[in-house]
Amino acid sequence: MDLIAVGLVTMVGIAAATDVGIQKIPNILTVSGFVFALLVHGLTGSSELVGALLGAAIGFILTFPMFAGGGMGGGDVKLLTATGAFLGPGRFIVAFLATAVIGGVMGVIAAARQRALTSTLLGMRDLAVGTARRMVLSSAGTEMPTLEKEGAVRIPYGVAIAAGAMIGLLY
(Lines give C-alpha, C1' and ligand atoms only; values in the text may rest on other atoms or scores of the structure.)
Protein backbone atom coordinates (compact mmCIF):
# COMPACT_ATOMS: atom_id res chain seq x y z
CA MET A 1 0.00 0.00 0.00
CA ASP A 2 1.44 3.40 -0.92
CA LEU A 3 1.72 6.48 1.29
CA ILE A 4 -1.27 8.19 -0.32
CA ALA A 5 -3.53 5.23 0.43
CA VAL A 6 -2.24 4.89 4.00
CA GLY A 7 -2.65 8.62 4.64
CA LEU A 8 -6.16 8.75 3.18
CA VAL A 9 -7.39 5.64 5.00
CA THR A 10 -5.94 6.94 8.28
CA MET A 11 -7.44 10.41 7.87
CA VAL A 12 -10.96 9.34 6.91
CA GLY A 13 -10.97 6.49 9.44
CA ILE A 14 -10.17 8.83 12.32
CA ALA A 15 -12.62 11.42 10.95
CA ALA A 16 -15.45 8.89 10.82
CA ALA A 17 -14.72 7.71 14.36
CA THR A 18 -14.58 11.23 15.81
CA ASP A 19 -17.69 12.30 13.90
CA VAL A 20 -19.61 9.38 15.38
CA GLY A 21 -18.09 9.80 18.85
CA ILE A 22 -18.03 13.58 19.39
CA GLN A 23 -19.91 14.91 16.34
CA LYS A 24 -16.81 16.81 15.24
CA ILE A 25 -14.04 16.39 12.69
CA PRO A 26 -10.93 18.03 14.18
CA ASN A 27 -9.14 20.73 12.19
CA ILE A 28 -5.75 19.22 13.08
CA LEU A 29 -6.80 16.05 11.29
CA THR A 30 -8.04 17.68 8.09
CA VAL A 31 -5.25 20.25 7.85
CA SER A 32 -2.50 17.71 8.53
CA GLY A 33 -4.09 15.30 6.04
CA PHE A 34 -4.22 18.05 3.40
CA VAL A 35 -0.57 19.01 3.98
CA PHE A 36 0.51 15.36 3.97
CA ALA A 37 -1.26 14.73 0.65
CA LEU A 38 0.37 17.78 -0.93
CA LEU A 39 3.83 16.82 0.37
CA VAL A 40 3.62 13.24 -0.87
CA HIS A 41 2.22 14.28 -4.25
CA GLY A 42 4.82 17.06 -4.48
CA LEU A 43 7.64 14.57 -3.90
CA THR A 44 6.21 12.41 -6.69
CA GLY A 45 6.28 15.20 -9.26
CA SER A 46 4.82 18.52 -10.25
CA SER A 47 1.97 16.97 -12.26
CA GLU A 48 0.94 14.93 -9.20
CA LEU A 49 1.00 18.09 -7.10
CA VAL A 50 -1.14 19.94 -9.65
CA GLY A 51 -3.62 17.03 -9.60
CA ALA A 52 -3.75 17.14 -5.80
CA LEU A 53 -4.38 20.89 -5.82
CA LEU A 54 -7.06 20.50 -8.48
CA GLY A 55 -8.75 17.70 -6.52
CA ALA A 56 -8.73 19.86 -3.38
CA ALA A 57 -10.11 22.84 -5.29
CA ILE A 58 -12.94 20.75 -6.72
CA GLY A 59 -13.71 19.42 -3.23
CA PHE A 60 -13.88 22.93 -1.82
CA ILE A 61 -15.90 24.37 -4.72
CA LEU A 62 -18.48 21.57 -4.54
CA THR A 63 -18.95 21.71 -0.78
CA PHE A 64 -18.45 25.29 0.40
CA PRO A 65 -21.82 26.48 -0.96
CA MET A 66 -23.53 23.74 1.08
CA PHE A 67 -21.66 24.93 4.19
CA ALA A 68 -22.50 28.58 3.47
CA GLY A 69 -26.17 27.64 3.11
CA GLY A 70 -26.17 25.79 6.43
CA GLY A 71 -26.60 22.30 4.97
CA MET A 72 -23.12 20.94 5.75
CA GLY A 73 -20.66 21.32 8.59
CA GLY A 74 -17.27 22.97 8.18
CA GLY A 75 -15.42 19.81 9.18
CA ASP A 76 -17.12 17.94 6.34
CA VAL A 77 -16.00 20.62 3.86
CA LYS A 78 -12.42 20.45 5.09
CA LEU A 79 -12.43 16.65 5.08
CA LEU A 80 -13.72 16.53 1.50
CA THR A 81 -11.17 19.16 0.44
CA ALA A 82 -8.35 17.10 1.96
CA THR A 83 -9.80 13.95 0.37
CA GLY A 84 -9.65 15.73 -2.99
CA ALA A 85 -5.95 16.44 -2.37
CA PHE A 86 -5.31 12.76 -1.75
CA LEU A 87 -7.33 11.45 -4.71
CA GLY A 88 -6.91 14.09 -7.41
CA PRO A 89 -9.78 15.23 -9.61
CA GLY A 90 -10.86 12.00 -11.34
CA ARG A 91 -10.98 9.73 -8.34
CA PHE A 92 -12.35 12.52 -6.17
CA ILE A 93 -15.42 12.98 -8.38
CA VAL A 94 -16.15 9.25 -7.98
CA ALA A 95 -15.64 9.55 -4.22
CA PHE A 96 -17.84 12.66 -4.04
CA LEU A 97 -20.71 11.02 -5.92
CA ALA A 98 -20.42 7.87 -3.79
CA THR A 99 -20.38 10.02 -0.65
CA ALA A 100 -23.53 11.84 -1.75
CA VAL A 101 -25.40 8.58 -2.38
CA ILE A 102 -24.21 6.98 0.87
CA GLY A 103 -24.96 10.15 2.85
CA GLY A 104 -28.40 10.39 1.27
CA VAL A 105 -29.22 6.82 2.25
CA MET A 106 -27.93 7.46 5.78
CA GLY A 107 -30.06 10.61 5.98
CA VAL A 108 -33.23 8.88 4.85
CA ILE A 109 -32.66 6.05 7.34
CA ALA A 110 -31.97 8.53 10.17
CA ALA A 111 -35.06 10.59 9.27
CA ALA A 112 -37.24 7.47 9.18
CA ARG A 113 -35.89 6.30 12.54
CA GLN A 114 -36.64 9.73 14.05
CA ARG A 115 -40.11 9.69 12.47
CA ALA A 116 -39.17 12.80 10.52
CA LEU A 117 -39.04 11.41 6.99
CA THR A 118 -41.93 13.49 5.62
CA SER A 119 -40.71 16.75 7.15
CA THR A 120 -37.14 15.99 5.99
CA LEU A 121 -38.26 15.31 2.41
CA LEU A 122 -40.39 18.48 2.43
CA GLY A 123 -37.40 20.40 3.75
CA MET A 124 -35.24 19.02 0.95
CA ARG A 125 -37.90 20.11 -1.54
CA ASP A 126 -37.98 23.59 -0.01
CA LEU A 127 -34.20 23.77 -0.14
CA ALA A 128 -34.11 22.77 -3.82
CA VAL A 129 -36.93 25.16 -4.78
CA GLY A 130 -35.47 27.98 -2.70
CA THR A 131 -32.02 27.50 -4.22
CA ALA A 132 -33.43 27.44 -7.76
CA ARG A 133 -35.53 30.52 -7.02
CA ARG A 134 -32.47 32.38 -5.71
CA MET A 135 -30.42 31.40 -8.75
CA VAL A 136 -33.06 32.22 -11.36
CA LEU A 137 -34.93 35.11 -9.80
CA SER A 138 -32.34 36.40 -7.34
CA SER A 139 -35.06 36.49 -4.69
CA ALA A 140 -34.72 35.08 -1.21
CA GLY A 141 -38.15 33.45 -1.05
CA THR A 142 -38.86 31.40 2.03
CA GLU A 143 -36.47 30.61 4.86
CA MET A 144 -34.01 27.89 3.90
CA PRO A 145 -33.73 24.71 6.00
CA THR A 146 -30.33 24.37 7.70
CA LEU A 147 -28.55 22.13 10.19
CA GLU A 148 -29.22 24.76 12.83
CA LYS A 149 -33.03 24.47 12.67
CA GLU A 150 -34.74 22.74 15.53
CA GLY A 151 -35.63 19.17 14.59
CA ALA A 152 -33.09 18.97 11.75
CA VAL A 153 -31.95 15.42 11.13
CA ARG A 154 -28.19 15.20 11.58
CA ILE A 155 -25.95 12.33 10.58
CA PRO A 156 -22.22 11.73 11.07
CA TYR A 157 -21.40 12.63 7.46
CA GLY A 158 -17.75 11.75 8.13
CA VAL A 159 -18.83 8.10 7.86
CA ALA A 160 -20.29 8.69 4.38
CA ILE A 161 -17.15 10.62 3.37
CA ALA A 162 -14.93 7.76 4.59
CA ALA A 163 -16.94 5.19 2.63
CA GLY A 164 -16.97 7.38 -0.48
CA ALA A 165 -13.22 7.98 -0.18
CA MET A 166 -12.61 4.22 -0.09
CA ILE A 167 -14.68 3.80 -3.25
CA GLY A 168 -12.70 6.61 -4.92
CA LEU A 169 -9.41 5.08 -3.81
CA LEU A 170 -10.33 1.66 -5.19
CA TYR A 171 -11.79 3.07 -8.43
# chains A, B, ... in the order shown; residues from 1 in each chain; ligands from 1

call {"tool": "residues_around", "arguments": {"residues": "Ala37 in chain A", "least_positions_apart": "2", "cutoff": "9 Å", "atoms": "only C-alpha atoms", "output": "tab-separated table (two decimals) with all heavy atoms, in the first residue's frame"}}
result
chain	number	residue	atom	x	y	z
A	3	LEU	N	1.91	5.45	0.26
A	3	LEU	CA	1.72	6.48	1.29
A	3	LEU	C	0.41	7.24	1.14
A	3	LEU	O	-0.21	7.60	2.14
A	3	LEU	CB	2.89	7.48	1.24
A	3	LEU	CG	4.17	7.05	1.93
A	3	LEU	CD1	5.26	8.09	1.71
A	3	LEU	CD2	3.95	6.82	3.41
A	4	ILE	N	-0.01	7.48	-0.10
A	4	ILE	CA	-1.27	8.19	-0.32
A	4	ILE	C	-2.43	7.37	0.24
A	4	ILE	O	-3.29	7.89	0.94
A	4	ILE	CB	-1.47	8.51	-1.82
A	4	ILE	CG1	-0.49	9.60	-2.26
A	4	ILE	CG2	-2.90	8.91	-2.13
A	4	ILE	CD1	-0.70	10.95	-1.57
A	7	GLY	N	-2.25	7.32	4.09
A	7	GLY	CA	-2.65	8.62	4.64
A	7	GLY	C	-4.15	8.86	4.53
A	7	GLY	O	-4.79	9.32	5.49
A	8	LEU	N	-4.72	8.54	3.38
A	8	LEU	CA	-6.16	8.75	3.18
A	8	LEU	C	-6.98	7.85	4.10
A	8	LEU	O	-7.91	8.33	4.77
A	8	LEU	CB	-6.54	8.50	1.72
A	8	LEU	CG	-8.04	8.63	1.39
A	8	LEU	CD1	-8.54	10.04	1.68
A	8	LEU	CD2	-8.30	8.23	-0.05
A	32	SER	N	-3.70	18.54	8.66
A	32	SER	CA	-2.50	17.71	8.53
A	32	SER	C	-2.66	16.71	7.38
A	32	SER	O	-1.70	16.41	6.66
A	32	SER	CB	-2.16	17.00	9.84
A	32	SER	OG	-3.22	16.15	10.24
A	33	GLY	N	-3.85	16.19	7.17
A	33	GLY	CA	-4.09	15.30	6.04
A	33	GLY	C	-3.88	16.02	4.71
A	33	GLY	O	-3.25	15.49	3.78
A	34	PHE	N	-4.39	17.24	4.61
A	34	PHE	CA	-4.22	18.05	3.40
A	34	PHE	C	-2.74	18.30	3.12
A	34	PHE	O	-2.27	18.09	2.00
A	34	PHE	CB	-4.98	19.37	3.58
A	34	PHE	CG	-4.85	20.32	2.43
A	34	PHE	CD1	-5.51	20.09	1.24
A	34	PHE	CD2	-4.07	21.46	2.56
A	34	PHE	CE1	-5.39	20.99	0.17
A	34	PHE	CE2	-3.94	22.35	1.51
A	34	PHE	CZ	-4.60	22.12	0.31
A	35	VAL	N	-2.00	18.73	4.14
A	35	VAL	CA	-0.57	19.01	3.98
A	35	VAL	C	0.19	17.74	3.61
A	35	VAL	O	1.05	17.75	2.72
A	35	VAL	CB	0.01	19.67	5.25
A	35	VAL	CG1	1.52	19.75	5.21
A	35	VAL	CG2	-0.61	21.06	5.45
A	39	LEU	N	2.41	17.17	0.27
A	39	LEU	CA	3.83	16.82	0.37
A	39	LEU	C	4.15	15.55	-0.40
A	39	LEU	O	5.12	15.50	-1.17
A	39	LEU	CB	4.25	16.67	1.83
A	39	LEU	CG	4.41	17.94	2.63
A	39	LEU	CD1	4.63	17.62	4.11
A	39	LEU	CD2	5.56	18.76	2.09
A	40	VAL	N	3.35	14.52	-0.19
A	40	VAL	CA	3.62	13.24	-0.87
A	40	VAL	C	3.47	13.40	-2.38
A	40	VAL	O	4.31	12.95	-3.15
A	40	VAL	CB	2.71	12.12	-0.33
A	40	VAL	CG1	2.86	10.84	-1.16
A	40	VAL	CG2	3.03	11.84	1.13
A	41	HIS	N	2.40	14.06	-2.82
A	41	HIS	CA	2.22	14.28	-4.25
A	41	HIS	C	3.33	15.17	-4.81
A	41	HIS	O	3.81	14.96	-5.92
A	41	HIS	CB	0.85	14.89	-4.55
A	41	HIS	CG	-0.26	13.89	-4.54
A	41	HIS	ND1	-0.31	12.79	-5.36
A	41	HIS	CD2	-1.39	13.84	-3.79
A	41	HIS	CE1	-1.42	12.10	-5.13
A	41	HIS	NE2	-2.09	12.72	-4.17
A	42	GLY	N	3.75	16.17	-4.04
A	42	GLY	CA	4.82	17.06	-4.48
A	42	GLY	C	6.14	16.34	-4.66
A	42	GLY	O	6.91	16.64	-5.57
A	49	LEU	N	1.36	17.00	-7.98
A	49	LEU	CA	1.00	18.09	-7.10
A	49	LEU	C	-0.13	18.92	-7.69
A	49	LEU	O	-1.07	19.30	-7.00
A	49	LEU	CB	2.21	18.98	-6.80
A	49	LEU	CG	1.96	20.18	-5.88
A	49	LEU	CD1	1.40	19.74	-4.53
A	49	LEU	CD2	3.25	20.97	-5.71
A	52	ALA	N	-3.30	17.06	-7.20
A	52	ALA	CA	-3.75	17.14	-5.80
A	52	ALA	C	-4.41	18.49	-5.52
A	52	ALA	O	-5.46	18.55	-4.88
A	52	ALA	CB	-2.57	16.93	-4.86
A	82	ALA	N	-9.56	17.90	1.75
A	82	ALA	CA	-8.35	17.10	1.96
A	82	ALA	C	-8.43	15.78	1.18
A	82	ALA	O	-7.44	15.33	0.60
A	82	ALA	CB	-8.13	16.83	3.45
A	83	THR	N	-9.61	15.19	1.14
A	83	THR	CA	-9.80	13.95	0.37
A	83	THR	C	-9.51	14.21	-1.11
A	83	THR	O	-8.87	13.38	-1.78
A	83	THR	CB	-11.23	13.41	0.57
A	83	THR	OG1	-11.40	13.11	1.96
A	83	THR	CG2	-11.48	12.16	-0.25
A	85	ALA	N	-7.41	16.34	-2.24
A	85	ALA	CA	-5.95	16.44	-2.37
A	85	ALA	C	-5.32	15.06	-2.44
A	85	ALA	O	-4.36	14.84	-3.17
A	85	ALA	CB	-5.36	17.24	-1.21
A	86	PHE	N	-5.84	14.12	-1.70
A	86	PHE	CA	-5.31	12.76	-1.75
A	86	PHE	C	-5.63	12.08	-3.09
A	86	PHE	O	-4.77	11.44	-3.68
A	86	PHE	CB	-5.90	11.90	-0.63
A	86	PHE	CG	-5.19	12.01	0.68
A	86	PHE	CD1	-5.71	12.78	1.70
A	86	PHE	CD2	-3.99	11.34	0.91
A	86	PHE	CE1	-5.06	12.88	2.92
A	86	PHE	CE2	-3.33	11.43	2.12
A	86	PHE	CZ	-3.87	12.21	3.13
A	87	LEU	N	-6.86	12.24	-3.56
A	87	LEU	CA	-7.33	11.45	-4.71
A	87	LEU	C	-7.11	12.11	-6.07
A	87	LEU	O	-7.09	11.41	-7.08
A	87	LEU	CB	-8.82	11.14	-4.54
A	87	LEU	CG	-9.19	10.24	-3.37
A	87	LEU	CD1	-10.70	10.10	-3.27
A	87	LEU	CD2	-8.52	8.88	-3.51

call {"tool": "residues_around", "arguments": {"residues": "range 12-14 of chain A", "least_positions_apart": "2", "cutoff": "12 Å", "atoms": "only C-alpha atoms", "output": "PyMOL selection string"}}
result
chain A and resi 5-10+16-22+24-30+33-34+75-76+78-84+86+157-166+169

call {"tool": "closest_residue", "arguments": {"among": "A:Met106, A:Ile93, A:Val153, A:Leu137", "to": "Thr118 in chain A", "atoms": "only C-alpha atoms"}}
result
A:Val153

call {"tool": "select_by_dssp", "arguments": {"residues": "chain A", "states": "helix (DSSP H, G or I)", "output": "number ranges by chain"}}
result
A: 3-22, 27-44, 46-68, 74-113, 117-137, 157-170

call {"tool": "closest_residue", "arguments": {"among": "A:Phe36, A:Phe67, A:Phe92, A:Tyr171", "to": "Gly51 in chain A", "atoms": "only C-alpha atoms"}}
result
A:Phe92

call {"tool": "closest_residue", "arguments": {"among": "A:Ile109, A:Ala100, A:Gln114, A:Val31", "to": "Thr63 in chain A", "atoms": "only C-alpha atoms"}}
result
A:Ala100

call {"tool": "closest_residue", "arguments": {"among": "A:Val94, A:Met124, A:Ile167, A:Leu62", "to": "Val108 in chain A", "atoms": "only C-alpha atoms"}}
result
A:Met124

call {"tool": "residues_around", "arguments": {"residues": "Leu121 in chain A", "least_positions_apart": "5", "cutoff": "10 Å", "atoms": "only C-alpha atoms", "output": "mmCIF file with all heavy atoms, in the first residue's frame"}}
result
data_model
loop_
_atom_site.group_PDB
_atom_site.id
_atom_site.type_symbol
_atom_site.label_atom_id
_atom_site.label_comp_id
_atom_site.auth_asym_id
_atom_site.auth_seq_id
_atom_site.Cartn_x
_atom_site.Cartn_y
_atom_site.Cartn_z
ATOM 1 N N VAL A 108 -31.870 9.404 4.928
ATOM 2 C CA VAL A 108 -33.231 8.877 4.846
ATOM 3 C C VAL A 108 -33.485 7.880 5.979
ATOM 4 O O VAL A 108 -34.541 7.915 6.629
ATOM 5 C CB VAL A 108 -33.488 8.229 3.459
ATOM 6 C CG1 VAL A 108 -34.760 7.403 3.455
ATOM 7 C CG2 VAL A 108 -33.543 9.302 2.380
ATOM 8 N N ALA A 111 -33.786 9.867 9.216
ATOM 9 C CA ALA A 111 -35.059 10.586 9.267
ATOM 10 C C ALA A 111 -36.208 9.625 9.558
ATOM 11 O O ALA A 111 -37.109 9.937 10.354
ATOM 12 C CB ALA A 111 -35.293 11.324 7.948
ATOM 13 N N ALA A 116 -39.203 11.470 11.117
ATOM 14 C CA ALA A 116 -39.166 12.804 10.519
ATOM 15 C C ALA A 116 -38.956 12.728 9.012
ATOM 16 O O ALA A 116 -38.503 13.691 8.402
ATOM 17 C CB ALA A 116 -38.047 13.614 11.170
ATOM 18 N N ASP A 126 -38.053 22.138 -0.223
ATOM 19 C CA ASP A 126 -37.982 23.586 -0.008
ATOM 20 C C ASP A 126 -36.586 24.124 -0.287
ATOM 21 O O ASP A 126 -36.430 25.206 -0.850
ATOM 22 C CB ASP A 126 -38.403 23.937 1.422
ATOM 23 C CG ASP A 126 -39.870 23.651 1.690
ATOM 24 O OD1 ASP A 126 -40.625 23.450 0.708
ATOM 25 O OD2 ASP A 126 -40.250 23.614 2.871
ATOM 26 N N LEU A 127 -35.570 23.365 0.108
ATOM 27 C CA LEU A 127 -34.195 23.772 -0.139
ATOM 28 C C LEU A 127 -33.911 23.830 -1.640
ATOM 29 O O LEU A 127 -33.342 24.803 -2.138
ATOM 30 C CB LEU A 127 -33.219 22.813 0.551
ATOM 31 C CG LEU A 127 -31.737 23.106 0.385
ATOM 32 C CD1 LEU A 127 -31.400 24.468 0.973
ATOM 33 C CD2 LEU A 127 -30.921 22.025 1.051
#

call {"tool": "atom_distance", "arguments": {"atom1": "CA of Ser47 in chain A", "atom2": "CA of Pro89 in chain A"}}
result
12.2 Å

call {"tool": "atom_distance", "arguments": {"atom1": "CA of Arg113 in chain A", "atom2": "CA of Leu97 in chain A"}}
result
24.4 Å

call {"tool": "atom_distance", "arguments": {"atom1": "CA of Phe60 in chain A", "atom2": "CA of Arg154 in chain A"}}
result
21.1 Å
